[in-house]
Each structure stands twice: as C-alpha cells, then as structure tokens.
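Content type PDB, C-alpha atoms, from the file structure-v1.pdb:
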```pdb
ATOM      1  CA  MET A   1      72.538-185.400   1.077
ATOM      2  CA  GLY A   2      69.008-184.052   1.569
ATOM      3  CA  PRO A   3      67.054-181.975  -0.909
ATOM      4  CA  ALA A   4      68.004-178.322  -1.289
ATOM      5  CA  ARG A   5      65.969-175.859   0.757
ATOM      6  CA  HIS A   6      64.453-173.137  -1.387
ATOM      7  CA  ARG A   7      63.705-169.575  -0.170
ATOM      8  CA  PRO A   8      59.953-168.903  -0.035
ATOM      9  CA  ALA A   9      58.671-167.003  -3.013
ATOM     10  CA  HIS A  10      57.165-164.198  -0.874
ATOM     11  CA  ARG A  11      60.465-163.352   0.841
ATOM     12  CA  ARG A  12      62.890-161.218  -1.111
ATOM     13  CA  PRO A  13      66.609-161.208  -0.498
ATOM     14  CA  ARG A  14      67.869-158.176   1.503
ATOM     15  CA  GLN A  15      69.148-155.462  -0.748
ATOM     16  CA  PRO A  16      72.440-153.788   0.080
ATOM     17  CA  ARG A  17      72.085-150.325   1.616
ATOM     18  CA  PRO A  18      72.744-147.583  -0.952
ATOM     19  CA  ALA A  19      75.992-145.737  -0.450
ATOM     20  CA  LEU A  20      74.186-142.373  -0.340
ATOM     21  CA  GLN A  21      72.011-143.490   2.574
ATOM     22  CA  ILE A  22      75.064-144.760   4.455
ATOM     23  CA  ALA A  23      76.806-141.412   3.989
ATOM     24  CA  LEU A  24      73.759-139.475   5.207
ATOM     25  CA  ALA A  25      73.445-141.681   8.280
ATOM     26  CA  ALA A  26      77.092-141.025   9.135
ATOM     27  CA  ASP A  27      76.705-137.268   8.730
ATOM     28  CA  HIS A  28      73.421-137.108  10.672
ATOM     29  CA  PRO A  29      73.454-139.565  13.582
ATOM     30  CA  ALA A  30      70.321-140.347  15.517
ATOM     31  CA  GLU A  31      69.195-137.128  17.236
ATOM     32  CA  PRO A  32      67.931-137.060  20.824
ATOM     33  CA  ALA A  33      64.277-136.514  21.542
ATOM     34  CA  ALA A  34      63.085-133.016  20.720
ATOM     35  CA  THR A  35      63.212-130.553  23.598
ATOM     36  CA  ARG A  36      60.074-129.106  25.098
ATOM     37  CA  ARG A  37      58.395-126.409  23.051
ATOM     38  CA  ARG A  38      58.396-123.179  25.024
ATOM     39  CA  ARG A  39      54.870-121.919  25.377
ATOM     40  CA  TYR A  40      54.568-120.281  28.817
ATOM     41  CA  PRO A  41      55.260-116.614  29.666
ATOM     42  CA  SER A  42      57.707-117.747  32.361
ATOM     43  CA  ASP A  43      59.943-119.693  29.935
ATOM     44  CA  THR A  44      63.483-118.436  29.391
ATOM     45  CA  SER A  45      64.397-116.788  26.131
ATOM     46  CA  VAL A  46      67.620-117.624  24.312
ATOM     47  CA  ALA A  47      69.221-114.430  25.608
ATOM     48  CA  GLU A  48      68.105-115.107  29.193
ATOM     49  CA  TRP A  49      69.492-118.634  29.115
ATOM     50  CA  ALA A  50      72.811-117.276  27.840
ATOM     51  CA  LEU A  51      72.951-115.195  31.043
ATOM     52  CA  LEU A  52      71.872-117.945  33.440
ATOM     53  CA  GLU A  53      73.715-121.006  32.154
ATOM     54  CA  PRO A  54      77.272-119.818  33.023
ATOM     55  CA  LEU A  55      76.115-118.968  36.574
ATOM     56  CA  LEU A  56      74.891-122.489  37.333
ATOM     57  CA  PRO A  57      77.261-124.992  38.989
ATOM     58  CA  THR A  58      79.245-127.390  36.826
ATOM     59  CA  PRO A  59      77.450-130.731  36.319
ATOM     60  CA  ALA A  60      78.882-133.551  38.420
ATOM     61  CA  CYS A  61      79.789-135.596  35.337
ATOM     62  CA  GLN A  62      82.188-132.825  34.265
ATOM     63  CA  THR A  63      84.038-132.584  37.587
ATOM     64  CA  LYS A  64      87.044-134.582  38.786
ATOM     65  CA  SER A  65      84.944-136.576  41.244
ATOM     66  CA  GLY A  66      82.644-137.611  38.417
ATOM     67  CA  GLY A  67      79.000-138.554  38.383
ATOM     68  CA  HIS A  68      76.136-139.651  36.183
ATOM     69  CA  PRO A  69      75.175-137.365  33.290
ATOM     70  CA  GLU A  70      72.052-135.350  33.953
ATOM     71  CA  LYS A  71      69.023-136.804  32.209
ATOM     72  CA  TRP A  72      67.122-133.560  31.685
ATOM     73  CA  PRO A  73      68.430-130.326  30.105
ATOM     74  CA  ARG A  74      69.049-127.667  32.701
ATOM     75  CA  ARG A  75      67.117-125.079  30.744
ATOM     76  CA  GLU A  76      63.972-127.174  31.164
ATOM     77  CA  ILE A  77      64.701-127.461  34.888
ATOM     78  CA  VAL A  78      64.983-123.673  35.203
ATOM     79  CA  ASP A  79      61.820-123.204  33.142
ATOM     80  CA  GLY A  80      59.974-125.551  35.498
ATOM     81  CA  ILE A  81      61.126-123.605  38.561
ATOM     82  CA  ARG A  82      60.115-120.315  36.953
ATOM     83  CA  TYR A  83      56.691-121.736  36.066
ATOM     84  CA  ILE A  84      55.990-122.654  39.702
ATOM     85  CA  VAL A  85      57.232-119.275  40.934
ATOM     86  CA  ASP A  86      55.264-117.313  38.343
ATOM     87  CA  ASN A  87      51.984-119.170  38.854
ATOM     88  CA  GLY A  88      52.195-119.955  42.567
ATOM     89  CA  ALA A  89      51.200-123.573  41.900
ATOM     90  CA  LYS A  90      51.942-126.748  43.816
ATOM     91  CA  TRP A  91      54.994-128.717  42.748
ATOM     92  CA  ARG A  92      52.800-131.706  41.932
ATOM     93  CA  ALA A  93      50.787-129.476  39.559
ATOM     94  CA  LEU A  94      53.767-128.931  37.249
ATOM     95  CA  PRO A  95      52.569-129.500  33.641
ATOM     96  CA  ALA A  96      53.492-132.787  32.002
ATOM     97  CA  ASP A  97      55.665-131.206  29.301
ATOM     98  CA  PHE A  98      58.247-130.290  31.967
ATOM     99  CA  PRO A  99      60.598-132.823  33.566
ATOM    100  CA  PRO A 100      59.062-134.766  36.503
ATOM    101  CA  TRP A 101      58.186-132.472  39.393
ATOM    102  CA  GLU A 102      60.423-134.494  41.753
ATOM    103  CA  THR A 103      63.406-133.724  39.505
ATOM    104  CA  VAL A 104      62.601-130.016  39.240
ATOM    105  CA  TYR A 105      62.043-129.725  42.990
ATOM    106  CA  GLY A 106      65.275-131.603  43.667
ATOM    107  CA  PHE A 107      67.306-129.080  41.693
ATOM    108  CA  PHE A 108      65.388-126.222  43.333
ATOM    109  CA  TRP A 109      66.212-127.592  46.794
ATOM    110  CA  ARG A 110      69.877-128.401  46.118
ATOM    111  CA  TRP A 111      70.685-125.129  44.365
ATOM    112  CA  ASN A 112      69.098-123.108  47.144
ATOM    113  CA  ARG A 113      70.904-125.050  49.892
ATOM    114  CA  ALA A 114      74.255-124.600  48.093
ATOM    115  CA  GLY A 115      73.774-120.835  47.738
ATOM    116  CA  VAL A 116      73.496-120.959  43.952
ATOM    117  CA  VAL A 117      70.278-118.917  43.857
ATOM    118  CA  THR A 118      71.656-116.008  45.900
ATOM    119  CA  TYR A 119      74.865-116.138  43.854
ATOM    120  CA  ILE A 120      72.906-115.749  40.605
ATOM    121  CA  ARG A 121      70.862-112.909  42.138
ATOM    122  CA  ASP A 122      73.957-111.017  43.274
ATOM    123  CA  GLN A 123      75.794-111.472  39.971
ATOM    124  CA  LEU A 124      72.844-110.158  37.960
ATOM    125  CA  ARG A 125      72.483-107.187  40.312
ATOM    126  CA  ARG A 126      76.161-106.311  39.908
ATOM    127  CA  ARG A 127      75.883-106.558  36.144
ATOM    128  CA  ILE A 128      72.943-104.136  36.055
ATOM    129  CA  ARG A 129      74.676-101.699  38.397
ATOM    130  CA  THR A 130      77.936-101.663  36.446
ATOM    131  CA  GLY A 131      75.981-101.277  33.206
ATOM    132  CA  LYS A 132      74.523 -98.068  34.609
ATOM    133  CA  GLY A 133      77.907 -96.788  35.726
ATOM    134  CA  ARG A 134      77.299 -97.570  39.410
ATOM    135  CA  CYS A 135      79.624 -99.222  41.887
ATOM    136  CA  PRO A 136      78.996-103.010  41.865
ATOM    137  CA  HIS A 137      78.557-102.968  45.661
ATOM    138  CA  PRO A 138      75.808-100.633  46.982
ATOM    139  CA  VAL A 139      76.426 -98.428  50.003
ATOM    140  CA  THR A 140      72.819 -97.227  50.522
ATOM    141  CA  LEU A 141      69.915 -99.624  50.974
ATOM    142  CA  ILE A 142      66.151 -99.451  51.469
ATOM    143  CA  VAL A 143      64.204-101.938  53.596
ATOM    144  CA  ASP A 144      60.515-102.725  53.935
ATOM    145  CA  SER A 145      58.261-105.674  54.763
ATOM    146  CA  GLN A 146      55.117-107.281  53.367
ATOM    147  CA  SER A 147      52.741-109.657  55.115
ATOM    148  CA  VAL A 148      51.202-112.382  52.929
ATOM    149  CA  LYS A 149      48.668-115.095  53.609
ATOM    150  CA  GLY A 150      49.968-118.583  54.228
ATOM    151  CA  ALA A 151      48.390-121.612  52.596
ATOM    152  CA  SER A 152      47.449-124.729  54.545
ATOM    153  CA  THR A 153      50.867-126.208  53.751
ATOM    154  CA  VAL A 154      52.596-123.542  55.884
ATOM    155  CA  GLY A 155      53.290-124.975  59.347
ATOM    156  CA  ARG A 156      52.309-123.265  62.584
ATOM    157  CA  ASN A 157      55.907-122.919  63.694
ATOM    158  CA  SER A 158      56.713-120.617  60.746
ATOM    159  CA  ARG A 159      53.546-118.530  60.522
ATOM    160  CA  GLY A 160      51.811-115.914  62.661
ATOM    161  CA  TYR A 161      49.034-113.323  62.732
ATOM    162  CA  ASP A 162      49.762-109.730  61.751
ATOM    163  CA  ALA A 163      47.205-107.761  63.759
ATOM    164  CA  ALA A 164      47.876-104.519  61.876
ATOM    165  CA  LYS A 165      47.278-106.037  58.434
ATOM    166  CA  LYS A 166      44.887-108.752  59.698
ATOM    167  CA  ILE A 167      46.832-111.424  57.834
ATOM    168  CA  ASN A 168      47.656-114.928  59.023
ATOM    169  CA  GLY A 169      50.830-116.090  57.338
ATOM    170  CA  ARG A 170      54.373-114.893  56.859
ATOM    171  CA  LYS A 171      56.208-111.604  56.506
ATOM    172  CA  ARG A 172      58.779-110.846  53.805
ATOM    173  CA  HIS A 173      61.584-108.476  54.752
ATOM    174  CA  ILE A 174      63.132-107.219  51.514
ATOM    175  CA  THR A 175      66.243-105.054  51.274
ATOM    176  CA  VAL A 176      67.109-103.382  47.956
ATOM    177  CA  ASP A 177      69.639-100.901  46.614
ATOM    178  CA  THR A 178      68.793 -97.461  45.239
ATOM    179  CA  LEU A 179      67.862 -99.039  41.886
ATOM    180  CA  GLY A 180      65.341-101.357  43.519
ATOM    181  CA  LEU A 181      67.502-104.449  42.970
ATOM    182  CA  PRO A 182      67.413-107.142  45.695
ATOM    183  CA  VAL A 183      70.259-107.398  48.187
ATOM    184  CA  MET A 184      68.760-109.559  50.947
ATOM    185  CA  ILE A 185      65.441-111.362  51.504
ATOM    186  CA  THR A 186      64.298-112.806  54.827
ATOM    187  CA  VAL A 187      60.991-114.561  55.573
ATOM    188  CA  THR A 188      59.623-114.686  59.144
ATOM    189  CA  PRO A 189      56.258-115.335  60.823
ATOM    190  CA  ALA A 190      53.866-112.442  60.217
ATOM    191  CA  ASP A 191      53.535-111.634  63.932
ATOM    192  CA  LEU A 192      57.208-110.642  64.222
ATOM    193  CA  GLN A 193      57.595-106.859  64.480
ATOM    194  CA  ASP A 194      59.695-105.071  61.873
ATOM    195  CA  ARG A 195      62.044-103.663  64.549
ATOM    196  CA  ASP A 196      62.775-107.140  65.918
ATOM    197  CA  ALA A 197      63.335-108.708  62.503
ATOM    198  CA  ALA A 198      65.520-105.779  61.412
ATOM    199  CA  ARG A 199      68.138-106.546  64.068
ATOM    200  CA  ASP A 200      68.879-109.887  62.447
ATOM    201  CA  VAL A 201      68.615-108.412  58.940
ATOM    202  CA  PHE A 202      70.991-105.531  59.674
ATOM    203  CA  TRP A 203      73.457-107.834  61.408
ATOM    204  CA  ARG A 204      73.589-110.140  58.402
ATOM    205  CA  LEU A 205      73.912-107.136  56.101
ATOM    206  CA  ARG A 206      76.902-105.870  58.053
ATOM    207  CA  LEU A 207      78.614-109.263  57.726
ATOM    208  CA  THR A 208      77.874-109.812  54.024
ATOM    209  CA  GLN A 209      77.894-106.182  52.829
ATOM    210  CA  PRO A 210      80.489-104.376  54.992
ATOM    211  CA  GLN A 211      80.541-101.344  52.680
ATOM    212  CA  ILE A 212      76.974-100.286  53.602
ATOM    213  CA  THR A 213      76.738 -96.918  55.358
ATOM    214  CA  GLN A 214      73.007 -96.124  55.573
ATOM    215  CA  VAL A 215      69.567 -97.708  55.273
ATOM    216  CA  TRP A 216      66.227 -95.984  54.551
ATOM    217  CA  ALA A 217      63.033 -97.326  56.157
ATOM    218  CA  ASP A 218      59.522 -96.347  57.268
ATOM    219  CA  ARG A 219      58.300 -95.524  60.768
ATOM    220  CA  GLY A 220      57.923 -99.198  61.601
ATOM    221  CA  TYR A 221      61.708 -99.252  62.091
ATOM    222  CA  ALA A 222      61.914 -96.075  64.217
ATOM    223  CA  GLY A 223      62.737 -95.941  67.918
ATOM    224  CA  GLU A 224      65.548 -97.761  69.714
ATOM    225  CA  LEU A 225      66.554 -99.537  66.502
ATOM    226  CA  VAL A 226      68.057 -96.301  65.152
ATOM    227  CA  ASP A 227      70.438 -95.987  68.117
ATOM    228  CA  TRP A 228      71.194 -99.719  68.149
ATOM    229  CA  ALA A 229      72.187 -99.713  64.477
ATOM    230  CA  ARG A 230      74.431 -96.681  64.936
ATOM    231  CA  GLU A 231      76.161 -97.898  68.105
ATOM    232  CA  ARG A 232      76.491-101.607  67.337
ATOM    233  CA  LEU A 233      76.838-101.701  63.553
ATOM    234  CA  TRP A 234      77.983 -98.155  62.689
ATOM    235  CA  LEU A 235      74.970 -97.991  60.394
ATOM    236  CA  THR A 236      72.864 -94.885  59.812
ATOM    237  CA  LEU A 237      69.148 -95.692  59.786
ATOM    238  CA  ARG A 238      67.062 -92.919  58.209
ATOM    239  CA  ILE A 239      63.279 -92.863  58.628
ATOM    240  CA  VAL A 240      60.954 -91.658  55.859
ATOM    241  CA  SER A 241      57.546 -90.586  57.218
ATOM    242  CA  ARG A 242      54.287 -89.867  55.458
ATOM    243  CA  PRO A 243      53.360 -86.183  55.135
ATOM    244  CA  LYS A 244      50.949 -85.043  57.829
ATOM    245  CA  GLY A 245      47.337 -84.657  56.827
ATOM    246  CA  VAL A 246      47.699 -86.632  53.583
ATOM    247  CA  LYS A 247      45.285 -89.518  53.044
ATOM    248  CA  GLY A 248      45.449 -92.403  50.589
ATOM    249  CA  PHE A 249      48.377 -93.536  48.497
ATOM    250  CA  VAL A 250      51.417 -91.265  48.480
ATOM    251  CA  VAL A 251      54.709 -91.786  46.631
ATOM    252  CA  LEU A 252      57.362 -91.393  49.321
ATOM    253  CA  PRO A 253      61.015 -90.594  48.605
ATOM    254  CA  ARG A 254      63.319 -93.629  48.634
ATOM    255  CA  ARG A 255      60.620 -95.967  49.917
ATOM    256  CA  TRP A 256      58.784 -96.229  46.599
ATOM    257  CA  LYS A 257      61.667 -98.218  45.159
ATOM    258  CA  VAL A 258      61.396-101.068  47.646
ATOM    259  CA  GLU A 259      57.591-101.008  47.345
ATOM    260  CA  ARG A 260      57.968-101.400  43.589
ATOM    261  CA  THR A 261      60.298-104.367  44.119
ATOM    262  CA  ILE A 262      57.734-106.011  46.402
ATOM    263  CA  GLY A 263      55.255-105.669  43.551
ATOM    264  CA  TRP A 264      57.668-107.532  41.256
ATOM    265  CA  CYS A 265      57.559-110.600  43.487
ATOM    266  CA  MET A 266      55.285-113.579  43.077
ATOM    267  CA  ASN A 267      51.586-113.698  43.965
ATOM    268  CA  ALA A 268      50.471-112.741  47.466
ATOM    269  CA  ARG A 269      50.191-116.227  48.981
ATOM    270  CA  ASP A 270      52.854-118.475  50.468
ATOM    271  CA  TYR A 271      52.677-122.219  49.766
ATOM    272  CA  GLU A 272      56.101-123.428  50.928
ATOM    273  CA  ARG A 273      56.559-125.400  54.125
ATOM    274  CA  LEU A 274      60.022-123.980  54.853
ATOM    275  CA  PRO A 275      60.779-120.240  55.133
ATOM    276  CA  GLN A 276      64.064-120.683  53.248
ATOM    277  CA  HIS A 277      62.135-122.085  50.298
ATOM    278  CA  SER A 278      59.861-119.038  50.385
ATOM    279  CA  GLU A 279      62.983-116.886  50.208
ATOM    280  CA  ALA A 280      64.151-118.927  47.212
ATOM    281  CA  HIS A 281      60.830-118.300  45.434
ATOM    282  CA  LEU A 282      61.235-114.555  45.913
ATOM    283  CA  ASN A 283      64.827-114.697  44.690
ATOM    284  CA  TRP A 284      63.802-116.597  41.563
ATOM    285  CA  ALA A 285      61.018-114.085  40.889
ATOM    286  CA  LEU A 286      63.490-111.196  41.069
ATOM    287  CA  ILE A 287      66.084-113.127  39.043
ATOM    288  CA  THR A 288      63.509-113.374  36.259
ATOM    289  CA  THR A 289      62.890-109.627  36.505
ATOM    290  CA  MET A 290      66.608-108.898  36.206
ATOM    291  CA  THR A 291      67.274-111.286  33.305
ATOM    292  CA  ARG A 292      64.434-109.728  31.346
ATOM    293  CA  ARG A 293      65.726-106.286  32.173
ATOM    294  CA  LEU A 294      69.176-107.203  30.895
ATOM    295  CA  THR A 295      67.941-108.851  27.694
ATOM    296  CA  ARG A 296      65.124-106.581  26.591
ATOM    297  CA  LYS A 297      65.699-104.349  23.606
ATOM    298  CA  SER A 298      65.979-100.678  24.500
ATOM    299  CA  PRO A 299      63.769 -98.256  22.553
ATOM    300  CA  ARG A 300      65.422 -96.043  19.961
ATOM    301  CA  THR A 301      65.568 -92.755  21.791
ATOM    302  CA  ASP A 302      67.272 -91.008  18.888
ATOM    303  CA  THR A 303      64.189 -91.449  16.655
ATOM    304  CA  TRP A 304      61.900 -90.334  19.458
ATOM    305  CA  SER A 305      63.983 -87.219  20.112
ATOM    306  CA  ARG A 306      63.945 -86.209  16.447
ATOM    307  CA  LYS A 307      60.181 -86.627  16.238
ATOM    308  CA  SER A 308      59.615 -84.668  19.428
ATOM    309  CA  ARG A 309      61.821 -81.806  18.233
ATOM    310  CA  ALA A 310      60.006 -81.700  14.880
ATOM    311  CA  THR A 311      56.647 -81.569  16.657
ATOM    312  CA  GLN A 312      57.762 -78.818  18.987
ATOM    313  CA  GLY A 313      59.278 -76.835  16.124
TER     314      GLY A 313
END
```
Transcribe the structure of this file into structure tokens.
Amino acid sequence: MGPARHRPAHRRPRQPRPALQIALAADHPAEPAATRRRRYPSDTSVAEWALLEPLLPTPACQTKSGGHPEKWPRREIVDGIRYIVDNGAKWRALPADFPPWETVYGFFWRWNRAGVVTYIRDQLRRRIRTGKGRCPHPVTLIVDSQSVKGASTVGRNSRGYDAAKKINGRKRHITVDTLGLPVMITVTPADLQDRDAARDVFWRLRLTQPQITQVWADRGYAGELVDWARERLWLTLRIVSRPKGVKGFVVLPRRWKVERTIGWCMNARDYERLPQHSEAHLNWALITTMTRRLTRKSPRTDTWSRKSRATQG
C-alpha cells in the first residue's frame, strides 16, 4: 500500500454552508436581470401600463396551442414603440437600453397586422367617453386631412405632391368624435384629393360604425360628395366654412377639435415604407395621449372654487 496522500497546506477543507444562508437562499431565489430604468418622456407609467397590459393579446406560451416564452417584457416592447413614435427616429436608431430593434419592430408589425393597435385605440376611446357620461359609440364625427413630408424611405408608389400645400409626401385623413378622440385614420399619397379619399373613408365608417348619422368637414369635402354620402350611405355631411373677409388663423366651430387632434400626432415627417405602418404610428401617438389623459391626476377644483369665491367676496 502506497504512502498516504496529504492535502496541501494552502488548501482548506470546504466549510459547510451555514443554515441561515441556506434559508435565505430558499426564500430569495436568484432574481432575473434588472429591468430597464425608465428615463424617457415616452416611457409608460405604472398607471398607463395597468391600462395597456390587459388589452394586449395573450402570450403564445399561455394559450392551448403553446409556444416559447417571450424573452423580453412586454412593457419594454411598448416603451420601445412609443420611443420611436415620439421621436420620429429610425428603427435601427433605437437606444441600446431597449430590447433589440428587430424584436420591437416585430411586435409592432404583428400587433398592427392582427388589429391589436386599433382595438386598443377603440377601447381607450370608449372608456374616456363613458367616463364623461357619453355613449360609448359616437354618432357625430369630424374629418380633416394633413399633408406631411415623406422621407427618402417612403416609396414612390405611396407618395405624391400636394400642389396646394407644396408638400411631397403623404396625406393623413383623420376622423374623430366630438371630444377629439380618434375613430379612423387613413394614410394616402398627398396628391389624392380630400373628396376622393373621403369616399373610401366614409364607406369604411359606415361598415364599422353603423350608428353614425353626420360628419362635419371643411370646404375641401364640399360638392358632389355631400349628395353621394346622403344617397349612398344615408350620411349627412355638413360643411363648416371660414367667415368671409377674415384673414389669418380662426377657430372654427367643430373643426377645431380635429385640428387639435392632428396636433397631438407625431412629428410632421413620415419615415415608414408602408402606409399601414404610418397609420399605426398615428394610432400609437393617440393611444399615448389617451392613456395619459386617463391616468393624470385631476386638479382639485373644490379648493380653486373656494379661493376664487373668497377673492371675489
């Protein structure tokens, strides 16, 4: 039998793990990597995410058909989409603290194709309307258009030149209710006249919103379109004209609400190759406006009223 092998003097025997450390490890398992710190104005708040999360589709891994668990939290995906919409940046320019831009764009594309974005928009609009004591489905709408410049990524087949506004790009046709909340958004080449685009818009409105009875618009929609809407769609189209002899900016009845909504949308340049993706950008911009409207804290009007009465007295 050979000589006994001795443990080197510099190596100590392994000590048993203290019972307290074992208990703590069982109570606090290894935590996942920390989520992204929210630092951008476009990031969702806790209250906003509580509104949006139930409206998103169920993850594939939780359905009967099954699927792989999603690697990235959905809140970070939504924050990435909102960052691109708010800043008008390229998808490849998404900051590194977000999930990979391919992942964020993939969710953006799939949710828009499946109708998730319009579903979220409509649900938020109904919630605001019912909160104000209105019917969830509007019966009066307001329509207007806006021509915006198209970036080099916008193809020739989906852009045009608006001679009146001297803009080469696309035109956004936005329909809102009497509160200024979005009902339908359509993007066309900028050279398409409002009257021609309105035929398709009104037809789609009649199919998706059969309760609508009248629509307010400017003089760009006047003419044969008024008779066509009444005879074909049983829709009353009312025209709001500028007062005669008035120059400069004028707040017009009804129309100012849709003009305000256009101002809520993203910056005045279109970067998307597909018109349907431009529509999705506008929907996401207005979704952000509605979630912030629903989650903001209302001012205390009772304190203000008491102070005003004391001042007047």
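Residue membership of the PyMOL selection byres ((chain A and resi 283) around 10) in the shown file amounts to A:Val85, A:Asn112, A:Val117, A:Thr118, A:Ile120, A:Arg121, A:Asp122, A:Pro182, A:Val183, A:Met184, A:Ile185, A:Cys265, A:Met266, A:His277, A:Ser278, A:Glu279, A:Ala280, A:His281, A:Leu282, A:Trp284, A:Ala285, A:Leu286, A:Ile287, A:Thr288, A:Thr289.
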Nearest to Trp216 in chain A, chosen from A:Lys132, A:Arg255, A:Arg199, A:Lys64, with only C-alpha atoms counted in the distances: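 Between A:Lys132, A:Arg255, A:Arg199, A:Lys64, the residue approaching Trp216 in chain A most closely is A:Arg255.
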CA of Gly220 in chain A to CA of Leu179 in chain A, straight-line distance in Å: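 So the answer is 22.1 Å.
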Two-atom distance - CA of His173 in chain A, CA of Thr188 in chain A (Å):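 Taking CA of His173 in chain A as the start and CA of Thr188 in chain A as the end point, the length is 7.9 Å.
Using all atoms listed in the file, the smallest distance between any of A:Trp256, A:Thr291, A:Val139, A:Arg242 and Leu205 in chain A comes from A:Val139.
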Within 10 Å of file point (73.1, -112.0, 30.4), counting only C-alpha atoms, expressed as an NGL selection string: :A and (46-55 or 123-124 or 127-128 or 290-295)
Got a moment to write range 106-114 of chain A out with all heavy atoms, as a CSV table (one decimal), in the first residue's frame?
```
chain,number,residue,atom,x,y,z
A,106,GLY,N,-40.7,43.7,-34.7
A,106,GLY,CA,-41.6,42.6,-35.0
A,106,GLY,C,-42.9,42.6,-34.2
A,106,GLY,O,-43.9,42.3,-34.8
A,107,PHE,N,-42.9,43.0,-33.0
A,107,PHE,CA,-44.1,43.2,-32.2
A,107,PHE,C,-45.0,44.3,-32.8
A,107,PHE,O,-46.2,44.1,-32.9
A,107,PHE,CB,-43.8,43.5,-30.8
A,107,PHE,CG,-43.6,42.2,-29.9
A,107,PHE,CD1,-42.3,41.8,-29.7
A,107,PHE,CD2,-44.6,41.5,-29.3
A,107,PHE,CE1,-42.0,40.6,-29.0
A,107,PHE,CE2,-44.4,40.4,-28.6
A,107,PHE,CZ,-43.1,40.0,-28.4
A,108,PHE,N,-44.4,45.4,-33.2
A,108,PHE,CA,-45.1,46.5,-33.8
A,108,PHE,C,-45.8,46.0,-35.1
A,108,PHE,O,-47.0,46.3,-35.3
A,108,PHE,CB,-44.1,47.6,-34.2
A,108,PHE,CG,-44.7,48.7,-35.1
A,108,PHE,CD1,-45.4,49.8,-34.5
A,108,PHE,CD2,-44.5,48.7,-36.4
A,108,PHE,CE1,-45.9,50.8,-35.3
A,108,PHE,CE2,-45.0,49.7,-37.2
A,108,PHE,CZ,-45.7,50.7,-36.7
A,109,TRP,N,-45.1,45.2,-35.9
A,109,TRP,CA,-45.7,44.7,-37.2
A,109,TRP,C,-46.8,43.7,-36.9
A,109,TRP,O,-47.9,43.8,-37.5
A,109,TRP,CB,-44.6,44.1,-38.0
A,109,TRP,CG,-45.0,43.6,-39.3
A,109,TRP,CD1,-45.3,44.2,-40.5
A,109,TRP,CD2,-45.2,42.2,-39.6
A,109,TRP,NE1,-45.7,43.4,-41.5
A,109,TRP,CE2,-45.6,42.1,-41.0
A,109,TRP,CE3,-45.0,41.0,-38.9
A,109,TRP,CZ2,-45.9,40.9,-41.6
A,109,TRP,CZ3,-45.3,39.8,-39.5
A,109,TRP,CH2,-45.7,39.7,-40.8
A,110,ARG,N,-46.6,42.8,-36.0
A,110,ARG,CA,-47.6,41.7,-35.8
A,110,ARG,C,-48.8,42.3,-35.1
A,110,ARG,O,-49.9,41.9,-35.5
A,110,ARG,CB,-46.9,40.6,-35.0
A,110,ARG,CG,-45.9,39.8,-35.7
A,110,ARG,CD,-45.6,38.5,-34.9
A,110,ARG,NE,-44.9,38.8,-33.6
A,110,ARG,CZ,-43.6,39.0,-33.5
A,110,ARG,NH1,-42.8,38.9,-34.6
A,110,ARG,NH2,-43.1,39.3,-32.3
A,111,TRP,N,-48.6,43.1,-34.2
A,111,TRP,CA,-49.8,43.7,-33.5
A,111,TRP,C,-50.6,44.5,-34.4
A,111,TRP,O,-51.9,44.5,-34.3
A,111,TRP,CB,-49.4,44.5,-32.3
A,111,TRP,CG,-48.9,43.7,-31.1
A,111,TRP,CD1,-49.2,42.3,-30.9
A,111,TRP,CD2,-48.2,44.1,-29.9
A,111,TRP,NE1,-48.6,41.9,-29.7
A,111,TRP,CE2,-48.0,42.9,-29.1
A,111,TRP,CE3,-47.7,45.3,-29.5
A,111,TRP,CZ2,-47.3,43.0,-27.9
A,111,TRP,CZ3,-47.0,45.4,-28.3
A,111,TRP,CH2,-46.8,44.2,-27.5
A,112,ASN,N,-50.0,45.3,-35.3
A,112,ASN,CA,-50.8,46.1,-36.2
A,112,ASN,C,-51.5,45.2,-37.2
A,112,ASN,O,-52.7,45.5,-37.6
A,112,ASN,CB,-49.8,47.1,-36.9
A,112,ASN,CG,-50.5,48.0,-37.9
A,112,ASN,OD1,-51.4,48.8,-37.4
A,112,ASN,ND2,-50.2,48.0,-39.1
A,113,ARG,N,-50.8,44.2,-37.7
A,113,ARG,CA,-51.5,43.3,-38.7
A,113,ARG,C,-52.7,42.6,-38.1
A,113,ARG,O,-53.7,42.3,-38.8
A,113,ARG,CB,-50.5,42.3,-39.3
A,113,ARG,CG,-51.0,41.4,-40.4
A,113,ARG,CD,-50.0,40.4,-40.8
A,113,ARG,NE,-49.6,39.5,-39.8
A,113,ARG,CZ,-48.8,38.5,-40.0
A,113,ARG,NH1,-48.3,38.2,-41.1
A,113,ARG,NH2,-48.5,37.7,-38.9
A,114,ALA,N,-52.6,42.2,-36.8
A,114,ALA,CA,-53.7,41.5,-36.2
A,114,ALA,C,-54.8,42.4,-35.7
A,114,ALA,O,-55.8,41.9,-35.1
A,114,ALA,CB,-53.1,40.7,-35.0
```
